[in-house]
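Have a look at structure15.txt; it's compact mmCIF, C-alpha atoms:
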# COMPACT_ATOMS: atom_id res chain seq x y z
CA MET A 1 1.99 -5.28 -21.64
CA ARG A 2 -0.80 -4.45 -24.06
CA LEU A 3 -3.65 -4.38 -21.51
CA LEU A 4 -1.76 -1.78 -19.47
CA GLU A 5 -0.76 0.34 -22.48
CA GLU A 6 -4.35 0.42 -23.74
CA ARG A 7 -5.59 1.49 -20.33
CA ILE A 8 -2.98 4.24 -20.04
CA LYS A 9 -4.02 5.53 -23.49
CA LYS A 10 -7.68 5.44 -22.46
CA ASP A 11 -7.59 6.77 -18.89
CA GLY A 12 -4.15 8.33 -18.33
CA GLN A 13 -4.12 12.12 -18.19
CA VAL A 14 -1.13 14.11 -19.38
CA TYR A 15 -0.39 17.42 -17.66
CA GLU A 16 2.22 20.08 -18.20
CA GLY A 17 5.78 19.13 -17.29
CA ASN A 18 5.40 15.54 -18.56
CA VAL A 19 3.20 14.60 -15.61
CA LEU A 20 1.11 11.47 -16.21
CA LYS A 21 -1.84 10.97 -13.86
CA VAL A 22 -3.14 7.43 -13.49
CA ASN A 23 -5.23 8.21 -10.40
CA SER A 24 -8.38 6.53 -11.68
CA PHE A 25 -6.95 3.02 -12.19
CA LEU A 26 -3.43 2.60 -10.73
CA ASN A 27 -2.84 5.17 -8.02
CA HIS A 28 -5.49 6.46 -5.60
CA GLN A 29 -8.18 4.26 -7.21
CA ILE A 30 -6.91 0.84 -8.33
CA ASP A 31 -8.55 -1.41 -10.90
CA ILE A 32 -8.23 -4.79 -9.23
CA SER A 33 -8.29 -6.92 -12.40
CA LEU A 34 -5.50 -4.84 -13.91
CA LEU A 35 -3.56 -5.00 -10.64
CA LYS A 36 -3.81 -8.79 -10.62
CA ALA A 37 -2.65 -8.97 -14.25
CA ILE A 38 0.33 -6.76 -13.39
CA GLY A 39 1.30 -8.99 -10.47
CA GLU A 40 1.01 -12.05 -12.69
CA GLU A 41 3.16 -10.45 -15.41
CA PHE A 42 5.94 -9.67 -12.91
CA TYR A 43 5.74 -13.31 -11.83
CA ARG A 44 6.04 -14.50 -15.44
CA LEU A 45 9.09 -12.27 -15.96
CA PHE A 46 10.97 -13.21 -12.78
CA ASP A 47 9.55 -16.65 -12.02
CA ASN A 48 12.87 -18.46 -12.64
CA GLU A 49 14.87 -16.17 -10.36
CA LYS A 50 14.17 -17.81 -6.96
CA ILE A 51 13.00 -14.51 -5.48
CA THR A 52 13.00 -14.55 -1.65
CA LYS A 53 11.53 -11.12 -0.99
CA ILE A 54 9.88 -8.19 -2.75
CA LEU A 55 10.98 -4.66 -1.85
CA THR A 56 9.14 -1.44 -2.63
CA VAL A 57 8.79 2.03 -1.12
CA GLU A 58 5.62 3.54 0.27
CA THR A 59 3.06 4.53 -0.87
CA SER A 60 2.09 3.91 -4.45
CA GLY A 61 4.41 0.93 -5.04
CA ILE A 62 2.71 -1.13 -2.33
CA PRO A 63 -0.33 -2.44 -4.28
CA PHE A 64 1.90 -3.75 -7.09
CA ALA A 65 4.39 -5.30 -4.68
CA VAL A 66 1.54 -7.04 -2.83
CA ALA A 67 -0.09 -8.25 -6.08
CA ALA A 68 3.22 -9.71 -7.24
CA ALA A 69 4.06 -11.22 -3.85
CA LEU A 70 0.78 -13.16 -3.88
CA PHE A 71 2.06 -14.95 -7.01
CA PHE A 72 5.65 -15.39 -5.78
CA ASP A 73 4.45 -16.37 -2.29
CA VAL A 74 7.23 -14.37 -0.62
CA PRO A 75 7.15 -11.54 1.95
CA VAL A 76 6.84 -7.90 0.92
CA VAL A 77 8.96 -5.23 2.59
CA PHE A 78 8.11 -1.61 1.99
CA ALA A 79 10.68 1.06 2.78
CA LYS A 80 9.21 3.72 5.05
CA LYS A 81 9.59 7.30 3.98
CA HIS A 82 7.63 9.06 6.66
CA GLN A 83 8.73 9.64 10.22
CA THR A 84 7.07 7.23 12.60
CA SER A 85 7.67 6.20 16.16
CA ASN A 86 6.98 2.61 15.08
CA LEU A 87 10.37 1.95 13.51
CA ASN A 88 13.39 0.43 15.17
CA THR A 89 16.54 2.50 15.02
CA ASP A 90 18.56 -0.34 13.50
CA CYS A 91 17.84 0.55 9.87
CA TYR A 92 19.32 0.81 6.43
CA SER A 93 18.54 4.28 5.18
CA VAL A 94 19.09 6.38 2.11
CA ASN A 95 18.26 9.91 1.05
CA ILE A 96 15.98 10.14 -2.01
CA HIS A 97 14.90 13.19 -3.98
CA SER A 98 11.24 13.20 -5.04
CA PHE A 99 10.40 15.20 -8.16
CA THR A 100 6.68 14.57 -7.63
CA HIS A 101 6.69 16.13 -4.18
CA GLY A 102 9.60 18.50 -4.67
CA ASN A 103 11.51 17.42 -1.59
CA ASP A 104 14.06 14.96 -0.21
CA TYR A 105 13.07 12.13 2.05
CA GLN A 106 14.77 9.39 4.02
CA ALA A 107 13.75 5.87 2.95
CA ARG A 108 14.36 3.33 5.69
CA VAL A 109 14.19 -0.43 6.08
CA GLU A 110 14.73 -2.18 9.40
CA SER A 111 17.92 -4.16 9.02
CA ALA A 112 16.22 -7.34 10.30
CA PHE A 113 14.13 -7.55 7.13
CA ILE A 114 16.78 -7.74 4.39
CA SER A 115 19.90 -9.86 4.57
CA ALA A 116 22.76 -11.23 2.48
CA GLU A 117 20.70 -14.42 2.05
CA ASP A 118 18.03 -12.56 0.07
CA ASN A 119 17.42 -12.49 -3.65
CA ILE A 120 15.32 -9.35 -4.02
CA LEU A 121 12.82 -8.25 -6.63
CA ILE A 122 12.33 -4.49 -6.39
CA ILE A 123 8.94 -3.25 -7.56
CA ASP A 124 7.76 0.31 -8.11
CA ASP A 125 4.98 2.06 -9.98
CA PHE A 126 6.99 4.67 -11.91
CA LEU A 127 10.55 4.93 -13.19
CA ALA A 128 11.65 8.32 -14.54
CA SER A 129 14.75 9.94 -13.07
CA GLY A 130 15.51 6.71 -11.22
CA HIS A 131 16.13 8.33 -7.83
CA ALA A 132 13.74 6.09 -5.89
CA LEU A 133 14.98 2.93 -7.61
CA LYS A 134 18.63 3.84 -7.01
CA GLY A 135 17.74 4.40 -3.35
CA LEU A 136 16.20 0.94 -3.06
CA LEU A 137 19.20 -0.62 -4.82
CA ASN A 138 21.44 1.19 -2.34
CA ILE A 139 19.48 -0.26 0.59
CA CYS A 140 19.92 -3.78 -0.84
CA GLU A 141 23.64 -3.10 -1.26
CA GLN A 142 23.91 -2.00 2.38
CA ALA A 143 22.29 -5.30 3.37
CA GLY A 144 24.55 -7.31 1.08
CA ALA A 145 21.44 -8.72 -0.61
CA HIS A 146 21.41 -9.82 -4.24
CA VAL A 147 18.99 -7.98 -6.51
CA ALA A 148 17.47 -10.23 -9.18
CA GLY A 149 15.94 -7.24 -10.92
CA CYS A 150 13.43 -4.44 -10.88
CA GLY A 151 9.81 -4.63 -12.01
CA ILE A 152 8.34 -1.27 -12.99
CA VAL A 153 4.75 -0.60 -13.97
CA ILE A 154 5.34 2.55 -16.07
CA GLU A 155 8.71 3.79 -17.28
CA LYS A 156 9.13 7.24 -18.79
CA SER A 157 11.95 6.14 -21.06
CA PHE A 158 12.46 9.69 -22.34
CA GLN A 159 14.07 10.33 -18.95
CA ASP A 160 17.39 8.66 -18.24
CA GLY A 161 16.79 6.73 -14.98
CA GLY A 162 16.12 3.41 -16.69
CA ARG A 163 19.13 3.68 -19.00
CA MET A 164 21.50 4.54 -16.15
CA ILE A 165 20.31 1.66 -13.99
CA ARG A 166 20.45 -0.86 -16.87
CA ASP A 167 23.93 0.43 -17.79
CA ALA A 168 24.97 -0.40 -14.22
CA GLY A 169 24.09 -4.04 -14.94
CA VAL A 170 20.70 -4.23 -13.22
CA ARG A 171 17.85 -6.04 -14.97
CA VAL A 172 14.90 -3.65 -15.28
CA GLU A 173 11.59 -4.84 -16.72
CA SER A 174 8.99 -2.15 -17.37
CA LEU A 175 5.47 -3.20 -18.31
CA ALA A 176 4.78 0.03 -20.21
CA LYS A 177 7.54 2.23 -21.61
CA ILE A 178 6.53 5.72 -22.64
CA LYS A 179 8.93 7.28 -25.11
CA SER A 180 7.04 10.53 -25.53
CA MET A 181 4.11 12.47 -24.05
CA GLU A 182 4.40 15.60 -26.18
CA ASN A 183 1.24 17.61 -26.79
CA GLY A 184 -0.65 15.25 -24.52
CA GLU A 185 -0.18 12.26 -26.84
CA ILE A 186 1.25 9.18 -25.17
CA ILE A 187 3.56 7.16 -27.44
CA PHE A 188 4.93 3.82 -26.23
CA GLU A 189 8.22 2.25 -27.29
CA MET B 1 -9.18 -15.05 13.77
CA ARG B 2 -7.02 -17.59 15.51
CA LEU B 3 -4.12 -17.59 13.00
CA LEU B 4 -3.76 -13.83 13.43
CA GLU B 5 -4.02 -13.89 17.23
CA GLU B 6 -1.38 -16.60 17.46
CA ARG B 7 0.95 -14.62 15.24
CA ILE B 8 0.43 -11.42 17.25
CA LYS B 9 1.24 -13.37 20.45
CA LYS B 10 4.36 -14.83 18.83
CA ASP B 11 5.79 -11.84 16.93
CA GLY B 12 4.03 -8.71 18.19
CA GLN B 13 6.12 -6.45 20.41
CA VAL B 14 4.57 -4.39 23.17
CA TYR B 15 6.18 -1.05 24.01
CA GLU B 16 5.45 1.56 26.61
CA GLY B 17 2.26 3.55 26.10
CA ASN B 18 0.28 0.55 24.79
CA VAL B 19 2.19 0.58 21.50
CA LEU B 20 2.00 -2.72 19.60
CA LYS B 21 4.58 -3.21 16.87
CA VAL B 22 3.75 -5.71 14.15
CA ASN B 23 6.54 -4.57 11.81
CA SER B 24 7.85 -8.05 11.08
CA PHE B 25 4.65 -9.55 9.67
CA LEU B 26 1.90 -6.95 9.04
CA ASN B 27 3.43 -3.52 8.68
CA HIS B 28 6.78 -2.78 7.01
CA GLN B 29 7.40 -6.50 6.33
CA ILE B 30 4.23 -8.42 5.39
CA ASP B 31 3.73 -12.17 5.63
CA ILE B 32 1.97 -12.89 2.37
CA SER B 33 0.14 -16.07 3.49
CA LEU B 34 -1.26 -14.26 6.51
CA LEU B 35 -2.20 -11.27 4.33
CA LYS B 36 -4.09 -13.55 1.96
CA ALA B 37 -5.90 -15.23 4.87
CA ILE B 38 -6.89 -11.79 6.20
CA GLY B 39 -8.28 -10.74 2.81
CA GLU B 40 -10.23 -13.98 2.60
CA GLU B 41 -11.65 -13.54 6.11
CA PHE B 42 -12.91 -10.04 5.27
CA TYR B 43 -14.54 -11.57 2.19
CA ARG B 44 -16.22 -14.26 4.30
CA LEU B 45 -17.55 -11.62 6.71
CA PHE B 46 -18.90 -9.17 4.11
CA ASP B 47 -19.52 -11.46 1.12
CA ASN B 48 -23.31 -11.03 1.22
CA GLU B 49 -23.15 -7.22 1.30
CA LYS B 50 -22.78 -6.49 -2.45
CA ILE B 51 -19.68 -4.35 -1.84
CA THR B 52 -18.88 -2.05 -4.79
CA LYS B 53 -15.66 -0.51 -3.51
CA ILE B 54 -13.08 -0.84 -0.75
CA LEU B 55 -11.82 2.33 0.94
CA THR B 56 -8.71 2.65 3.11
CA VAL B 57 -6.19 5.35 3.99
CA GLU B 58 -2.50 5.29 3.15
CA THR B 59 -0.12 3.74 4.05
CA SER B 60 -0.46 0.68 6.21
CA GLY B 61 -4.11 -0.09 5.36
CA ILE B 62 -3.30 -0.55 1.68
CA PRO B 63 -2.01 -4.17 1.71
CA PHE B 64 -5.14 -5.39 3.55
CA ALA B 65 -7.48 -3.41 1.29
CA VAL B 66 -5.75 -4.86 -1.78
CA ALA B 67 -5.81 -8.42 -0.39
CA ALA B 68 -9.54 -8.13 0.33
CA ALA B 69 -10.32 -6.45 -3.01
CA LEU B 70 -8.77 -9.40 -4.86
CA PHE B 71 -11.45 -11.61 -3.27
CA PHE B 72 -14.33 -9.13 -3.72
CA ASP B 73 -13.15 -8.22 -7.24
CA VAL B 74 -13.92 -4.52 -6.71
CA PRO B 75 -11.73 -1.40 -6.97
CA VAL B 76 -9.69 -0.13 -4.04
CA VAL B 77 -9.55 3.58 -3.22
CA PHE B 78 -6.99 4.79 -0.75
CA ALA B 79 -7.39 8.23 0.81
CA LYS B 80 -4.25 10.30 0.38
CA LYS B 81 -2.81 11.88 3.45
CA HIS B 82 0.34 13.44 2.06
CA GLN B 83 0.52 16.54 -0.10
CA THR B 84 1.05 15.69 -3.73
CA SER B 85 0.75 17.61 -6.96
CA ASN B 86 -0.93 14.51 -8.44
CA LEU B 87 -4.35 15.07 -6.91
CA ASN B 88 -7.26 16.89 -8.46
CA THR B 89 -8.67 19.74 -6.40
CA ASP B 90 -12.20 18.31 -6.52
CA CYS B 91 -11.89 16.20 -3.36
CA TYR B 92 -13.69 15.08 -0.28
CA SER B 93 -11.40 15.85 2.63
CA VAL B 94 -11.35 15.51 6.37
CA ASN B 95 -8.96 16.40 9.14
CA ILE B 96 -7.65 13.41 11.14
CA HIS B 97 -5.50 13.33 14.25
CA SER B 98 -2.78 10.67 14.28
CA PHE B 99 -1.65 9.45 17.70
CA THR B 100 1.10 7.36 16.11
CA HIS B 101 2.69 10.35 14.41
CA GLY B 102 1.55 13.02 16.88
CA ASN B 103 0.09 15.34 14.26
CA ASP B 104 -3.04 16.18 12.28
CA TYR B 105 -3.34 15.39 8.60
CA GLN B 106 -5.80 15.99 5.81
CA ALA B 107 -7.17 12.77 4.27
CA ARG B 108 -8.48 13.33 0.75
CA VAL B 109 -10.33 11.32 -1.85
CA GLU B 110 -11.03 12.66 -5.34
CA SER B 111 -14.77 13.05 -5.57
CA ALA B 112 -14.89 11.10 -8.85
CA PHE B 113 -14.01 7.89 -7.01
CA ILE B 114 -16.84 7.58 -4.45
CA SER B 115 -20.48 8.23 -5.21
CA ALA B 116 -23.98 7.78 -3.82
CA GLU B 117 -24.20 4.54 -5.87
CA ASP B 118 -21.44 2.92 -3.80
CA ASN B 119 -21.72 0.37 -1.04
CA ILE B 120 -18.38 0.75 0.69
CA LEU B 121 -16.31 -1.60 2.81
CA ILE B 122 -13.77 0.42 4.82
CA ILE B 123 -10.62 -1.47 5.74
CA ASP B 124 -7.80 -0.45 8.06
CA ASP B 125 -5.00 -2.13 9.96
CA PHE B 126 -5.59 -0.69 13.45
CA LEU B 127 -8.58 0.64 15.36
CA ALA B 128 -7.87 2.35 18.68
CA SER B 129 -9.15 5.89 19.22
CA GLY B 130 -11.15 5.60 15.99
CA HIS B 131 -10.03 8.93 14.52
CA ALA B 132 -8.93 7.49 11.15
CA LEU B 133 -12.05 5.36 10.81
CA LYS B 134 -14.34 8.25 11.70
CA GLY B 135 -12.53 10.30 9.06
CA LEU B 136 -13.15 7.65 6.39
CA LEU B 137 -16.81 7.38 7.45
CA ASN B 138 -17.07 11.15 7.13
CA ILE B 139 -15.67 11.03 3.58
CA CYS B 140 -18.29 8.40 2.64
CA GLU B 141 -20.98 10.60 4.16
CA GLN B 142 -19.80 13.58 2.10
CA ALA B 143 -20.11 11.41 -1.01
CA GLY B 144 -23.54 10.13 0.02
CA ALA B 145 -22.19 6.58 -0.22
CA HIS B 146 -23.57 3.74 1.88
CA VAL B 147 -21.08 2.04 4.22
CA ALA B 148 -21.69 -1.69 4.57
CA GLY B 149 -19.18 -1.91 7.38
CA CYS B 150 -15.58 -1.68 8.52
CA GLY B 151 -13.03 -4.48 8.49
CA ILE B 152 -10.21 -3.98 10.97
CA VAL B 153 -7.15 -6.20 11.35
CA ILE B 154 -6.32 -5.35 14.98
CA GLU B 155 -8.61 -3.51 17.39
CA LYS B 156 -7.36 -2.24 20.72
CA SER B 157 -10.72 -2.70 22.39
CA PHE B 158 -9.45 -1.17 25.64
CA GLN B 159 -9.64 2.15 23.77
CA ASP B 160 -13.08 3.48 22.95
CA GLY B 161 -12.98 4.04 19.16
CA GLY B 162 -14.65 0.74 18.30
CA ARG B 163 -17.41 1.16 20.88
CA MET B 164 -18.23 4.70 19.74
CA ILE B 165 -18.42 3.71 16.07
CA ARG B 166 -20.54 0.62 16.78
CA ASP B 167 -22.80 2.73 19.01
CA ALA B 168 -23.34 4.99 16.01
CA GLY B 169 -24.80 1.99 14.17
CA VAL B 170 -21.82 1.06 11.99
CA ARG B 171 -20.91 -2.62 11.61
CA VAL B 172 -17.28 -3.09 12.67
CA GLU B 173 -15.58 -6.48 12.33
CA SER B 174 -12.14 -6.79 13.91
CA LEU B 175 -10.09 -9.92 13.23
CA ALA B 176 -8.16 -9.61 16.50
CA LYS B 177 -9.47 -7.68 19.49
CA ILE B 178 -6.94 -6.88 22.18
CA LYS B 179 -8.54 -6.17 25.52
CA SER B 180 -5.31 -5.62 27.42
CA MET B 181 -1.56 -5.26 26.87
CA GLU B 182 -0.51 -4.60 30.46
CA ASN B 183 3.03 -5.59 31.45
CA GLY B 184 3.71 -6.63 27.87
CA GLU B 185 1.18 -9.45 27.94
CA ILE B 186 -1.33 -9.39 25.09
CA ILE B 187 -4.79 -10.63 26.10
CA PHE B 188 -7.49 -11.02 23.43
CA GLU B 189 -11.24 -10.72 23.98
Structure re-expressed in structure tokens:
Amino acid sequence: MRLLEERIKKDGQVYEGNVLKVNSFLNHQIDISLLKAIGEEFYRLFDNEKITKILTVETSGIPFAVAAALFFDVPVVFAKKHQTSNLNTDCYSVNIHSFTHGNDYQARVESAFISAEDNILIIDDFLASGHALKGLLNICEQAGAHVAGCGIVIEKSFQDGGRMIRDAGVRVESLAKIKSMENGEIIFE
Amino acid sequence: MRLLEERIKKDGQVYEGNVLKVNSFLNHQIDISLLKAIGEEFYRLFDNEKITKILTVETSGIPFAVAAALFFDVPVVFAKKHQTSNLNTDCYSVNIHSFTHGNDYQARVESAFISAEDNILIIDDFLASGHALKGLLNICEQAGAHVAGCGIVIEKSFQDGGRMIRDAGVRVESLAKIKSMENGEIIFE
């Protein structure tokens, strides 16, 4: 998606350890025109899939899931990863390792909200090691739901999460695929 | 907002301690038609205010802030409340007590994203004790930004947060105002 790649080149900041910060336009502050275009692009890619529900995980996947859901006109479910008293105990849950935060967390979805009748589109902001995405796929598997595919805003394709998940037969569409960030220079596939 | 009140009556669940769960349609799973209607209603209420930016706090305020921002066509900023390596140190921050989670947290906004030029609409899902909203107002004050008002999805008006903030001269518009939830029966103002 050219608009997104150009914006990442212009406003993305590369830090040591292959960290890409997109705080000024995708995460923390969100450019609403770009967000809308991203939602529309996910709709174009998965429009023929009869999606019944969009699944993401809090926090930074939520804006993209909502933007897409407005085009698909289907409910959004976001997996909770923080302890809260406001969650029923009847949940699908999975343990996910976060490289960004350097810890493990439990992602949970109330079992009432995903079922074997669903055809799910999973949406997330980043795909790198693939831990979060594999966790969401695992939750869908627990529910017996079909996964039509995964829509990712930015994939770091120099890490192997995307390849592993595609090799497992899952359709993964990434709007920007970064093949290298060496010396602070972002190169797309 | 009648559509919202009817839905809260139908699908909201009241638990001990005046806890209202709206997990099936507003929080965790989100009804996208209702979300869009909520965004549009915030736009109707604050359309003449020349809003430059919408501010919320993660996590559950984000869908409503995004839905509204799509109508206003302005950026969304969400205050971060979880530690992350992806945040610059140059931040406005405030300590907020969460009754839902029973702890205090630091809400932070990078100082680059709010300025004295801004006319902010603050959006959040719930208003009860008002701690989160007062925290967001404080962040705007630190930035010298003007606050046009606050758009709240559900206010528990039997708690005093809304009254205190209105008494301080801030415009607060709540789409559903619950005046009582005794014995599991939800009564709106």
Dump as CSV the rows for residues of chain B within 7 Å of chain A: closest atom pair and distance in Å with one decimal, all atoms listed in the file counted, ordered by chain and rising residue number.
residue,atom,partner,partner_atom,distance
B:Lys21,CA,A:Asn86,CA,6.5
B:His28,CA,A:Phe78,CA,5.3
B:Gln29,CA,A:Val77,CA,4.2
B:Ile30,CA,A:Val76,CA,5.2
B:Asp31,CA,A:Pro75,CA,5.1
B:Ile32,CA,A:Pro75,CA,5.4
B:Glu58,CA,A:Thr59,CA,6.9
B:Thr59,CA,A:Thr59,CA,5.9
B:Ile62,CA,A:Pro63,CA,6.9
B:Pro63,CA,A:Val66,CA,6.4
B:Val66,CA,A:Pro63,CA,6.4
B:Ala69,CA,A:Ile32,CA,6.8
B:Leu70,CA,A:Ile32,CA,6.4
B:Asp73,CA,A:Ile32,CA,6.3
B:Val74,CA,A:Ile32,CA,6.2
B:Pro75,CA,A:Asp31,CA,5.1
B:Val76,CA,A:Ile30,CA,5.2
B:Val77,CA,A:Gln29,CA,4.3
B:Phe78,CA,A:His28,CA,5.3
B:Ala79,CA,A:His28,CA,6.9
B:Thr84,CA,A:His101,CA,5.7
B:Ser85,CA,A:Thr100,CA,6.7
B:Asn86,CA,A:Lys21,CA,6.5
B:Thr100,CA,A:Ser85,CA,6.7
B:His101,CA,A:Thr84,CA,5.7
B:Phe113,CA,A:Gln29,CA,6.9
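Close contacts of Glu189 in chain A, defined as residues with an atom at most 10 Å away when counting only C-alpha atoms, with chain neighbours fewer than 6 positions off set aside, comprise Lys156, Ser157, Phe158, Ala176, Lys177, Ile178, Lys179 and Ser180 of chain A.
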Can you measure CA of Ile152 in chain A to CA of Ile38 in chain A for me? One decimal in Å is fine.
9.7 Å
What residues have an atom no more than 9 Å from (-10.8, 12.1, 14.9) in the file's own frame, counting all atoms listed in the file, and can you write them as a PyMOL selection string?
chain B and resi 95-98+129-135
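Among the candidate residues A:Ile165, A:Ala116, A:Ile123, A:Ile187, the one lying nearest to Glu141 in chain A is A:Ala116, with distances computed using all atoms listed in the file.
Counting all atoms listed in the file, the residue from A:Val94, A:Val170, A:Ile154, A:Ala148 that sits nearest to Asp47 in chain A is A:Ala148.
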Restricting to all atoms listed in the file, whichever of A:Gln106, A:Ser174, A:Asn48, A:Gln13 is closest to Ile122 in chain A is A:Ser174
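Take CA of Ala145 in chain A and CA of Gly162 in chain A: the distance between them is 20.8 Å.
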